[in-house]
$ cat data-v8.tsv   # TSV, C-alpha atoms
chain	number	residue	atom	x	y	z
A	217	THR	CA	142.33	190.35	110.71
A	218	ARG	CA	139.35	191.80	108.87
A	219	GLY	CA	137.46	189.34	106.70
A	220	LEU	CA	139.04	186.33	108.41
A	221	THR	CA	137.32	183.01	107.78
A	222	ILE	CA	138.13	179.87	109.77
A	223	VAL	CA	136.93	176.52	108.46
A	224	VAL	CA	136.74	173.54	110.82
A	225	ASP	CA	136.53	170.32	108.80
A	226	ASP	CA	135.62	167.41	111.08
A	227	GLN	CA	136.52	164.42	108.91
A	228	ILE	CA	135.56	161.95	111.61
A	229	ASN	CA	131.95	163.08	111.93
A	230	GLY	CA	131.73	164.51	108.43
A	231	THR	CA	130.80	168.06	109.50
A	232	VAL	CA	132.15	171.40	108.35
A	233	GLU	CA	131.80	174.66	110.30
A	234	ARG	CA	132.71	178.12	109.07
A	235	PHE	CA	133.48	181.10	111.30
A	236	HIS	CA	133.65	184.44	109.51
A	237	PHE	CA	134.78	187.71	111.11
A	238	GLN	CA	134.03	190.46	108.62
A	239	ASP	CA	135.09	193.30	110.93
A	240	GLY	CA	138.05	191.60	112.62
A	241	ILE	CA	138.90	193.08	116.01
A	242	ARG	CA	135.63	195.03	116.05
A	243	ASN	CA	133.82	191.70	116.16
A	244	TYR	CA	136.31	190.58	118.81
A	245	ILE	CA	135.63	193.50	121.17
A	246	GLU	CA	131.88	193.13	120.80
A	247	ASP	CA	132.29	189.62	122.15
A	248	LEU	CA	134.57	190.81	124.98
A	249	VAL	CA	132.13	193.51	126.11
A	250	ARG	CA	128.96	191.49	125.60
A	251	ALA	CA	128.40	190.84	129.32
A	252	LYS	CA	129.40	194.37	130.41
A	253	GLU	CA	127.66	197.74	130.35
A	254	SER	CA	129.42	200.10	127.95
A	255	VAL	CA	129.48	203.89	128.41
A	256	THR	CA	129.28	204.66	124.68
A	257	GLU	CA	127.05	203.23	121.98
A	258	ALA	CA	129.95	202.03	119.85
A	259	PRO	CA	133.68	201.44	120.33
A	260	PHE	CA	136.43	203.66	118.92
A	261	TYR	CA	138.15	201.88	116.02
A	262	PHE	CA	141.29	203.10	114.25
A	263	SER	CA	143.70	201.66	111.71
A	264	TYR	CA	147.02	203.02	110.48
A	265	ASP	CA	149.34	201.82	107.72
A	266	ASN	CA	152.54	203.74	107.15
A	267	ASP	CA	155.91	203.12	108.76
A	268	LEU	CA	154.12	200.44	110.81
A	269	ARG	CA	150.70	198.87	110.58
A	270	LEU	CA	148.48	199.41	113.59
A	271	GLU	CA	144.90	198.54	114.33
A	272	MET	CA	143.12	199.22	117.61
A	273	VAL	CA	139.65	199.29	119.10
A	274	LEU	CA	138.70	200.78	122.49
A	275	TRP	CA	135.48	200.54	124.48
A	276	TRP	CA	134.94	201.86	128.01
A	277	THR	CA	132.59	200.06	130.40
A	278	THR	CA	131.20	200.71	133.87
A	279	ALA	CA	133.24	197.83	135.31
A	280	THR	CA	136.22	198.59	137.56
A	281	GLU	CA	138.56	196.09	135.92
A	282	ARG	CA	140.42	196.83	132.69
A	283	ALA	CA	141.71	194.56	129.91
A	284	VAL	CA	144.10	195.23	127.02
A	285	TYR	CA	144.66	192.42	124.52
A	286	SER	CA	147.77	193.17	122.48
A	287	TYR	CA	149.25	191.41	119.44
A	288	ALA	CA	152.49	191.84	117.51
A	289	ASN	CA	152.57	190.33	114.01
A	290	SER	CA	149.55	188.21	115.02
A	291	VAL	CA	151.36	186.87	118.13
A	292	TYR	CA	149.35	187.37	121.33
A	293	THR	CA	151.57	189.23	123.83
A	294	SER	CA	149.98	188.48	127.19
A	295	GLY	CA	152.92	190.14	128.94
A	296	GLY	CA	152.53	193.37	126.98
A	297	GLY	CA	155.72	195.06	125.86
A	298	SER	CA	156.79	198.22	124.05
A	299	HIS	CA	153.73	198.37	121.78
A	300	GLU	CA	151.34	198.11	124.72
A	301	ASN	CA	153.33	200.68	126.72
A	302	GLY	CA	153.09	203.08	123.79
A	303	PHE	CA	149.35	202.46	123.58
A	304	ARG	CA	148.84	203.15	127.30
A	305	HIS	CA	150.90	206.35	127.24
A	306	GLY	CA	149.22	207.50	124.04
A	307	ILE	CA	145.64	207.34	125.30
A	308	THR	CA	146.62	208.93	128.63
A	309	LYS	CA	148.33	211.86	126.90
A	310	ALA	CA	145.35	212.28	124.56
A	311	VAL	CA	142.94	212.51	127.50
A	312	ARG	CA	145.14	215.00	129.35
A	313	GLU	CA	145.46	217.15	126.23
A	314	TYR	CA	141.71	217.08	125.72
A	315	LEU	CA	141.04	218.12	129.33
A	316	THR	CA	143.58	220.93	129.11
A	317	ARG	CA	142.18	222.36	125.90
A	318	GLN	CA	138.61	222.00	127.14
A	319	ASN	CA	139.58	223.58	130.48
A	320	SER	CA	137.75	220.80	132.32
A	321	GLN	CA	140.23	219.46	134.85
A	322	PRO	CA	138.62	217.33	137.59
A	323	LYS	CA	137.76	219.13	140.82
A	324	LYS	CA	139.31	218.03	144.12
A	325	VAL	CA	141.61	215.61	142.26
A	326	LYS	CA	145.27	216.26	141.60
A	327	GLY	CA	145.49	215.31	137.96
A	328	ILE	CA	144.45	212.29	135.92
A	329	THR	CA	146.57	209.14	136.07
A	330	GLY	CA	146.94	206.36	133.54
A	331	GLU	CA	145.07	204.06	135.93
A	332	ASP	CA	142.12	206.49	135.93
A	333	VAL	CA	142.07	206.49	132.12
A	334	ARG	CA	142.21	202.70	131.82
A	335	GLU	CA	139.66	201.82	134.51
A	336	GLY	CA	136.79	200.02	132.79
A	337	LEU	CA	138.59	200.01	129.43
A	338	VAL	CA	138.50	196.98	127.16
A	339	ALA	CA	140.89	197.32	124.22
A	340	VAL	CA	142.43	195.27	121.44
A	341	LEU	CA	145.73	196.41	119.90
A	342	SER	CA	147.39	194.79	116.89
A	343	VAL	CA	150.65	195.95	115.31
A	344	PHE	CA	152.60	194.62	112.34
A	345	VAL	CA	156.28	195.50	112.07
A	346	SER	CA	158.61	194.62	109.21
A	347	GLY	CA	161.81	192.77	110.01
A	348	ASN	CA	162.53	190.47	112.92
A	349	LEU	CA	160.69	191.13	116.16
A	350	GLU	CA	162.41	190.63	119.51
A	351	PHE	CA	160.36	188.85	122.15
A	352	GLN	CA	161.19	188.15	125.77
A	353	GLY	CA	161.49	184.45	126.53
A	354	GLN	CA	160.67	181.38	124.49
A	355	THR	CA	156.92	181.81	124.87
A	356	LYS	CA	156.95	185.25	123.19
A	357	GLU	CA	154.65	186.75	125.82
A	358	LYS	CA	156.27	190.21	125.80
A	359	LEU	CA	157.50	192.34	122.91
A	360	ASN	CA	161.00	193.79	123.36
A	361	SER	CA	161.37	195.57	120.01
A	362	ASP	CA	161.49	199.32	120.69
A	363	ILE	CA	158.43	200.62	118.87
A	364	GLN	CA	156.95	202.46	121.86
A	365	PRO	CA	157.55	206.02	120.52
A	366	GLN	CA	155.93	205.21	117.18
A	367	VAL	CA	152.89	203.56	118.71
A	368	GLU	CA	152.50	206.29	121.33
A	369	SER	CA	152.52	209.06	118.72
A	370	VAL	CA	150.02	207.33	116.43
A	371	VAL	CA	147.66	206.40	119.27
A	372	LYS	CA	147.76	209.86	120.89
A	373	ASP	CA	146.97	211.70	117.66
A	374	ALA	CA	144.21	209.29	116.67
A	375	PHE	CA	142.44	209.19	120.02
A	376	GLU	CA	142.79	212.92	120.60
A	377	ASN	CA	141.21	213.57	117.20
A	378	TYR	CA	138.38	211.17	118.05
A	379	LEU	CA	137.61	212.97	121.33
A	380	PHE	CA	137.45	216.39	119.70
A	381	HIS	CA	135.23	215.23	116.84
A	382	ASN	CA	132.82	212.97	118.77
A	383	ARG	CA	131.40	215.15	121.52
A	384	THR	CA	128.78	212.76	122.91
A	385	ALA	CA	131.18	209.84	123.14
A	386	ALA	CA	133.93	212.08	124.53
A	387	GLU	CA	131.68	213.37	127.32
A	388	ALA	CA	130.72	209.82	128.32
A	389	ILE	CA	134.35	208.62	128.32
A	390	ILE	CA	135.61	211.66	130.24
A	391	GLU	CA	132.83	211.29	132.82
A	392	ARG	CA	133.87	207.66	133.32
A	393	ILE	CA	137.50	208.70	133.78
A	394	MET	CA	136.52	211.46	136.23
A	395	LEU	CA	134.60	208.95	138.35
A	396	ALA	CA	137.67	206.72	138.48
A	397	ALA	CA	139.83	209.67	139.56
A	398	GLN	CA	137.38	210.69	142.26
A	399	ALA	CA	137.20	207.12	143.58
A	400	ARG	CA	141.00	206.98	143.69
A	401	GLU	CA	141.16	210.23	145.63
A	402	ALA	CA	138.46	209.05	148.03
A	403	SER	CA	140.44	205.88	148.64
A	404	ARG	CA	143.61	207.89	149.26
A	405	GLN	CA	141.90	210.12	151.81
A	406	ALA	CA	140.35	207.12	153.53
A	407	ARG	CA	143.78	205.50	153.82
A	408	GLN	CA	145.25	208.61	155.37
A	409	SER	CA	142.47	208.78	157.92
A	410	VAL	CA	143.15	205.29	159.25
A	411	ARG	CA	146.93	205.16	158.94
A	412	ARG	CA	148.64	204.55	162.23
A	413	LYS	CA	150.33	207.51	163.89
A	414	SER	CA	152.81	205.19	165.58
A	415	ALA	CA	155.02	202.38	164.33
A	416	THR	CA	153.94	200.34	167.36
A	417	ARG	CA	150.68	198.83	166.23
A	418	ARG	CA	149.21	197.74	169.51
A	419	LEU	CA	149.49	201.24	170.99
A	420	THR	CA	146.96	202.54	168.46
A	421	LEU	CA	144.38	199.75	168.73
A	422	PRO	CA	140.86	200.78	169.83
A	423	GLY	CA	140.09	200.23	173.50
A	424	LYS	CA	137.03	198.06	172.85
A	425	LEU	CA	139.14	195.44	171.06
A	426	ALA	CA	139.78	192.34	173.15
A	427	ASP	CA	143.04	191.33	171.50
A	428	CYS	CA	144.77	187.96	171.53
A	429	THR	CA	148.22	187.30	172.93
A	430	SER	CA	149.67	185.38	169.97
A	431	ASN	CA	151.65	187.16	167.26
A	432	ARG	CA	151.62	184.19	164.88
A	433	LEU	CA	149.55	185.20	161.86
A	434	LYS	CA	148.51	181.69	160.85
A	435	GLU	CA	146.78	180.96	164.16
A	436	THR	CA	145.21	184.34	165.02
A	437	GLU	CA	141.53	185.12	164.46
A	438	LEU	CA	139.47	188.30	164.67
A	439	PHE	CA	135.72	188.10	165.36
A	440	ILE	CA	133.74	191.18	164.34
A	441	VAL	CA	130.44	191.28	166.27
A	442	GLU	CA	127.60	193.79	166.57
A	443	GLY	CA	127.35	195.68	169.82
A	444	ASP	CA	128.59	195.30	173.37
A	445	SER	CA	126.07	192.58	174.23
A	446	ALA	CA	127.36	190.19	171.57
A	447	GLY	CA	130.86	191.38	172.37
A	448	GLY	CA	130.50	190.33	176.00
A	449	SER	CA	129.51	186.72	175.32
A	450	SER	CA	132.02	186.46	172.47
A	451	LYS	CA	134.86	187.63	174.71
A	452	GLN	CA	133.92	185.02	177.30
A	453	ALA	CA	133.70	182.26	174.69
A	454	ARG	CA	137.01	182.98	172.95
A	455	ASP	CA	140.41	181.46	173.48
A	456	ARG	CA	142.35	184.61	174.39
A	457	ARG	CA	145.60	183.06	173.21
A	458	TYR	CA	144.71	183.38	169.54
A	459	GLN	CA	141.17	184.81	169.24
A	460	ALA	CA	140.36	188.55	169.31
A	461	VAL	CA	136.92	190.20	169.44
A	462	LEU	CA	135.94	193.62	168.08
A	463	PRO	CA	132.41	194.85	168.90
A	464	LEU	CA	130.98	197.34	166.40
A	465	ARG	CA	128.41	199.98	167.26
A	466	GLY	CA	125.53	198.85	165.08
A	467	LYS	CA	125.61	199.21	161.31
A	468	ILE	CA	128.53	200.74	159.45
A	469	PHE	CA	127.50	202.92	156.52
A	470	ASN	CA	127.48	201.76	152.91
A	471	VAL	CA	130.94	202.58	151.52
A	472	GLU	CA	129.55	202.32	147.97
A	473	GLN	CA	127.58	205.50	148.56
A	474	ALA	CA	129.85	207.33	151.01
A	475	SER	CA	132.07	210.31	150.30
A	476	ALA	CA	135.78	210.28	151.05
A	477	ASP	CA	135.21	212.74	153.89
A	478	LYS	CA	132.56	210.54	155.48
A	479	ILE	CA	134.79	207.48	155.27
A	480	ARG	CA	137.69	209.44	156.74
A	481	LYS	CA	135.69	210.58	159.78
A	482	ASN	CA	133.79	207.39	160.57
A	483	LYS	CA	134.98	205.91	163.86
A	484	GLU	CA	133.82	202.35	163.18
A	485	ILE	CA	135.75	202.24	159.90
A	486	GLN	CA	138.81	203.68	161.63
A	487	ASP	CA	138.63	201.11	164.43
A	488	LEU	CA	138.17	198.23	162.01
A	489	SER	CA	141.05	199.36	159.81
A	490	ARG	CA	143.42	199.83	162.74
A	491	CYS	CA	142.61	196.38	164.08
A	492	ILE	CA	143.25	194.65	160.77
A	493	GLY	CA	146.38	196.72	160.19
A	494	THR	CA	146.76	196.61	156.40
A	495	GLY	CA	145.56	200.06	155.37
A	496	LEU	CA	143.00	200.68	152.63
A	497	GLY	CA	142.72	200.81	148.85
A	498	ASP	CA	145.87	201.74	146.95
A	499	GLN	CA	147.89	201.89	150.18
A	500	PHE	CA	146.89	198.37	151.20
A	501	ASP	CA	149.93	196.55	152.60
A	502	TYR	CA	149.35	192.83	152.97
A	503	SER	CA	152.51	192.40	155.06
A	504	ARG	CA	150.86	194.42	157.88
A	505	LEU	CA	147.95	192.00	158.31
A	506	ARG	CA	147.47	191.22	162.01
A	507	TYR	CA	145.07	188.24	161.83
A	508	GLY	CA	145.10	185.11	159.72
A	509	LYS	CA	141.31	184.77	159.78
A	510	ILE	CA	138.69	187.51	160.05
A	511	PHE	CA	135.15	186.39	160.93
A	512	VAL	CA	132.08	188.53	160.31
A	513	ASN	CA	129.89	187.25	163.15
A	514	CYS	CA	126.52	189.00	163.09
A	515	ASP	CA	123.05	188.05	164.30
A	516	ALA	CA	121.05	185.52	162.29
A	517	ASP	CA	118.29	187.99	161.39
A	518	VAL	CA	117.59	190.57	158.69
A	519	ASP	CA	119.57	193.30	160.44
A	520	GLY	CA	122.46	190.91	160.96
A	521	PHE	CA	122.46	189.97	157.29
A	522	HIS	CA	122.46	193.67	156.37
A	523	ILE	CA	125.43	194.41	158.62
A	524	SER	CA	127.29	191.40	157.21
A	525	THR	CA	126.65	192.68	153.68
A	526	LEU	CA	127.91	196.16	154.57
A	527	LEU	CA	131.08	194.71	156.09
A	528	LEU	CA	131.70	192.41	153.12
A	529	THR	CA	131.21	195.39	150.79
A	530	PHE	CA	133.82	197.31	152.77
A	531	PHE	CA	136.31	194.44	152.46
A	532	TYR	CA	135.54	193.99	148.75
A	533	ARG	CA	136.10	197.67	147.95
A	534	TYR	CA	138.99	198.58	150.24
A	535	MET	CA	140.72	195.30	151.16
A	536	PRO	CA	139.93	192.92	148.25
A	537	GLU	CA	143.19	190.99	148.65
A	538	LEU	CA	141.95	189.66	152.00
A	539	ILE	CA	139.01	188.06	150.19
A	540	GLU	CA	141.15	186.79	147.32
A	541	LYS	CA	143.63	185.14	149.71
A	542	GLY	CA	140.96	183.51	151.87
A	543	HIS	CA	141.17	185.58	155.06
A	544	ILE	CA	137.50	186.68	155.26
A	545	TYR	CA	134.88	184.32	156.73
A	546	LEU	CA	131.15	184.66	157.39
A	547	ALA	CA	130.16	182.99	160.67
A	548	GLN	CA	126.80	181.22	160.97
A	549	PRO	CA	125.17	181.49	164.40
A	550	PRO	CA	122.08	179.33	165.03
A	551	LEU	CA	118.54	180.64	164.75
A	552	TYR	CA	116.96	178.32	167.31
A	553	ARG	CA	117.76	176.32	170.41
A	554	ILE	CA	115.33	173.38	170.48
A	555	GLN	CA	114.93	170.87	173.30
A	556	ILE	CA	112.90	167.72	172.61
A	557	ARG	CA	111.67	165.43	175.41
A	558	LYS	CA	111.06	161.80	174.53
A	559	LYS	CA	110.53	159.02	177.09
A	560	LYS	CA	112.14	160.91	179.95
A	561	LYS	CA	115.13	161.74	177.76
A	562	LYS	CA	115.94	165.20	176.52
A	563	SER	CA	117.88	166.05	173.39
A	564	LEU	CA	119.24	169.50	172.59
A	565	HIS	CA	119.48	170.80	169.03
A	566	TYR	CA	120.75	174.03	167.47
A	567	VAL	CA	119.06	174.87	164.17
A	568	TYR	CA	120.38	177.27	161.55
A	569	ARG	CA	117.52	177.39	159.03
A	570	GLU	CA	113.72	177.56	159.22
A	571	GLU	CA	113.30	174.51	157.00
A	572	ASP	CA	115.59	172.50	159.27
A	573	LYS	CA	113.45	173.47	162.26
A	574	GLU	CA	110.25	172.24	160.61
A	575	LYS	CA	111.91	168.98	159.63
A	576	LEU	CA	113.24	168.44	163.16
A	577	LEU	CA	109.85	169.04	164.79
A	578	GLU	CA	107.91	166.62	162.58
A	579	GLY	CA	106.31	163.85	164.62
A	580	HIS	CA	106.88	165.47	168.03
A	581	ALA	CA	104.04	166.64	170.26
A	582	ALA	CA	104.01	170.37	171.00
A	583	ASN	CA	104.10	169.81	174.77
A	584	HIS	CA	107.34	167.85	174.35
A	585	ILE	CA	109.13	170.69	172.62
A	586	SER	CA	110.88	173.77	174.01
A	587	ILE	CA	111.98	176.38	171.45
A	588	GLN	CA	114.12	179.46	171.96
A	589	ARG	CA	114.55	181.90	169.06
A	590	PHE	CA	117.87	183.72	169.31
A	591	LYS	CA	117.29	187.40	168.57
A	592	GLY	CA	120.99	188.09	168.78
A	593	LEU	CA	124.34	186.69	169.80
A	594	GLY	CA	123.96	188.47	173.14
A	595	GLU	CA	121.18	186.01	174.09
A	596	MET	CA	123.58	183.08	173.85
A	597	ASN	CA	125.80	182.23	176.76
A	598	ALA	CA	129.52	181.79	176.22
A	599	ALA	CA	129.35	177.99	176.15
A	600	GLU	CA	126.59	177.97	173.52
A	601	LEU	CA	128.38	180.51	171.38
A	602	LYS	CA	131.63	178.58	171.52
A	603	LYS	CA	129.89	175.32	170.63
A	604	THR	CA	127.65	176.49	167.81
A	605	THR	CA	129.32	179.36	165.94

$ encode --input "data-v8.tsv" --output "structure tokens"
Amino acid sequence: TRGLTIVVDDQINGTVERFHFQDGIRNYIEDLVRAKESVTEAPFYFSYDNDLRLEMVLWWTTATERAVYSYANSVYTSGGGSHENGFRHGITKAVREYLTRQNSQPKKVKGITGEDVREGLVAVLSVFVSGNLEFQGQTKEKLNSDIQPQVESVVKDAFENYLFHNRTAAEAIIERIMLAAQAREASRQARQSVRRKSATRRLTLPGKLADCTSNRLKETELFIVEGDSAGGSSKQARDRRYQAVLPLRGKIFNVEQASADKIRKNKEIQDLSRCIGTGLGDQFDYSRLRYGKIFVNCDADVDGFHISTLLLTFFYRYMPELIEKGHIYLAQPPLYRIQIRKKKKKSLHYVYREEDKEKLLEGHAANHISIQRFKGLGEMNAAELKKTT
């Protein structure tokens, strides 16, 4: 509500605080977008007062997530409802109409979807309707009253008018929507490139995968390692009943900067996707997951850290649910194997950080110390790898 003032009178401590919101939901959205990068200098604000009262403010950001905060007669409807559905349809139709009249349909993308339009959008919608509103459930989280057609019509006309009369803002918003559409299409093409050609999963697995024998998801593990050398020692160290090993050929490319065609043709991405079994992006199917735990097990050097980052980026962009549900792990191989001789006794230590090495060596003569720096997992024998990683 514009001009709202909230007074907090603390009678225990004798303090009074005033919170004033002169611009109502415009102040609200500024707070919501504060930590994000917006694509326009200012949000689009619109109010309407006729057969229903409606107030809305929209601001697109560079973030991939979207958020719509809707209210009906000042009641927060976290579950959405007819007013929010009308809002979503209205802005989507406005964008499509604008693109049609401007003759600027996206290239290599079959149309704009509502998801494309809403990606990165932060919006606040407030409607006031006379009479009794119908909500779903006791908590009033979702509006059931059928006002969708009214809201859709008002929102479409208002936002369409805004786009045609604010060229700079319109270009920025449309560019943001186009990027979302292109990313969606790239994801779709990547999914198609790695989709299994057979219903029998194991028949399509890459030959370099050393698979496990168990089919029980909760106990199976996949270790992703770099190269055949690391793959050899890892295969020897594993328990073949429930542990599988997939050697990769060096670094995968950065999926953040790759085209859909490059993702589709990349053999390492294809092998990795087939092994995991879920598919990618919008076609991700959690029920097809083949391993309960997936370990990124790269060398403990700069190149290893880079490969780990590239793999984690791939999972974050194309299989985020695996991260959210706790299936992705980052293994920590040791940096050093240190043997210390003291009074005819030898002690063996595996060290994971430089500072731990310096602390361990304090007080020991150099001729009593034997240090091996592991340049890669391939330098570790199977027993060491099994014990330390």

$ residues_around --input "data-v8.tsv" --residues "Cys491 in chain A" --least-positions-apart "3" --cutoff "8 Å" --atoms "all atoms listed in the file" --output "PDB file with C-alpha atoms, in the coordinates of the input"
ATOM      1  CA  LEU A 421     144.380 199.750 168.730  1.00  0.00           C
ATOM      2  CA  PRO A 422     140.860 200.780 169.830  1.00  0.00           C
ATOM      3  CA  LEU A 425     139.140 195.440 171.060  1.00  0.00           C
ATOM      4  CA  ASP A 487     138.630 201.110 164.430  1.00  0.00           C
ATOM      5  CA  LEU A 488     138.170 198.230 162.010  1.00  0.00           C
ATOM      6  CA  ARG A 506     147.470 191.220 162.010  1.00  0.00           C
TER       7      ARG A 506
END

$ atom_distance --input "data-v8.tsv" --atom1 "CA of Asn301 in chain A" --atom2 "CA of Gln364 in chain A"
6.3 Å

$ residues_around --input "data-v8.tsv" --residues "range 435-445 of chain A" --least-positions-apart "4" --cutoff "9 Å" --atoms "all atoms listed in the file" --output "number ranges by chain"
A: 424, 427-431, 449-450, 457-467, 488, 491-492, 506-515, 520, 523, 547, 592-595

$ atom_distance --input "data-v8.tsv" --atom1 "CA of Phe262 in chain A" --atom2 "CA of Val291 in chain A"
19.5 Å

$ residues_near_point --input "data-v8.tsv" --point "(158.5, 197.8, 126.4)" --cutoff "7 Å" --atoms "all atoms listed in the file" --output "JSON, numbers by chain"
{"A": [297, 298, 299, 301, 359, 360, 362, 364]}

$ write_last_selection --input "data-v8.tsv" --atoms "C-alpha atoms" --output "PDB file, keeping the file's coordinate frame"
ATOM      1  CA  GLY A 297     155.720 195.060 125.860  1.00  0.00           C
ATOM      2  CA  SER A 298     156.790 198.220 124.050  1.00  0.00           C
ATOM      3  CA  HIS A 299     153.730 198.370 121.780  1.00  0.00           C
ATOM      4  CA  ASN A 301     153.330 200.680 126.720  1.00  0.00           C
ATOM      5  CA  LEU A 359     157.500 192.340 122.910  1.00  0.00           C
ATOM      6  CA  ASN A 360     161.000 193.790 123.360  1.00  0.00           C
ATOM      7  CA  ASP A 362     161.490 199.320 120.690  1.00  0.00           C
ATOM      8  CA  GLN A 364     156.950 202.460 121.860  1.00  0.00           C
TER       9      GLN A 364
END

$ atom_distance --input "data-v8.tsv" --atom1 "CA of Val518 in chain A" --atom2 "CA of Lys451 in chain A"
23.7 Å

$ residues_around --input "data-v8.tsv" --residues "Arg589 in chain A" --least-positions-apart "4" --cutoff "7 Å" --atoms "only C-alpha atoms" --output "PDB file with C-alpha atoms, in the frame of the given file"
ATOM      1  CA  LEU A 551     118.540 180.640 164.750  1.00  0.00           C
ATOM      2  CA  TYR A 552     116.960 178.320 167.310  1.00  0.00           C
ATOM      3  CA  ARG A 553     117.760 176.320 170.410  1.00  0.00           C
TER       4      ARG A 553
END

$ build_atoms --input "data-v8.tsv" --residues "range 277-295 of chain A" --atoms "N, CA and C atoms" --output "compact mmCIF listing (two decimals), keeping the file's coordinate frame"
# COMPACT_ATOMS: atom_id res chain seq x y z
N THR A 277 133.75 200.66 129.74
CA THR A 277 132.59 200.06 130.40
C THR A 277 132.47 200.61 131.81
N THR A 278 131.40 200.27 132.49
CA THR A 278 131.20 200.71 133.87
C THR A 278 131.92 199.82 134.87
N ALA A 279 132.52 198.74 134.41
CA ALA A 279 133.24 197.83 135.31
C ALA A 279 134.50 198.51 135.85
N THR A 280 135.01 198.02 136.98
CA THR A 280 136.22 198.59 137.56
C THR A 280 137.48 197.95 136.99
N GLU A 281 137.38 196.73 136.49
CA GLU A 281 138.56 196.09 135.92
C GLU A 281 138.82 196.60 134.51
N ARG A 282 140.05 196.41 134.05
CA ARG A 282 140.42 196.83 132.69
C ARG A 282 141.12 195.65 132.00
N ALA A 283 141.09 195.66 130.66
CA ALA A 283 141.71 194.56 129.91
C ALA A 283 142.21 195.08 128.57
N VAL A 284 143.50 194.87 128.30
CA VAL A 284 144.10 195.23 127.02
C VAL A 284 144.67 193.96 126.40
N TYR A 285 144.19 193.60 125.23
CA TYR A 285 144.66 192.42 124.52
C TYR A 285 145.55 192.90 123.37
N SER A 286 146.84 192.63 123.48
CA SER A 286 147.77 193.17 122.48
C SER A 286 148.39 192.04 121.65
N TYR A 287 148.69 192.37 120.39
CA TYR A 287 149.25 191.41 119.44
C TYR A 287 150.37 192.11 118.66
N ALA A 288 151.40 191.34 118.35
CA ALA A 288 152.49 191.84 117.51
C ALA A 288 152.73 190.83 116.39
N ASN A 289 152.49 191.24 115.16
CA ASN A 289 152.57 190.33 114.01
C ASN A 289 151.75 189.07 114.24
N SER A 290 150.54 189.27 114.75
CA SER A 290 149.55 188.21 115.02
C SER A 290 149.91 187.33 116.21
N VAL A 291 150.99 187.63 116.93
CA VAL A 291 151.36 186.87 118.13
C VAL A 291 150.75 187.56 119.35
N TYR A 292 149.97 186.81 120.13
CA TYR A 292 149.35 187.37 121.33
C TYR A 292 150.42 187.62 122.39
N THR A 293 150.55 188.86 122.84
CA THR A 293 151.57 189.23 123.83
C THR A 293 150.89 189.47 125.17
N SER A 294 150.68 188.38 125.91
CA SER A 294 149.98 188.48 127.19
C SER A 294 150.77 189.30 128.21
N GLY A 295 152.09 189.36 128.03
CA GLY A 295 152.92 190.14 128.94
C GLY A 295 153.11 191.58 128.51
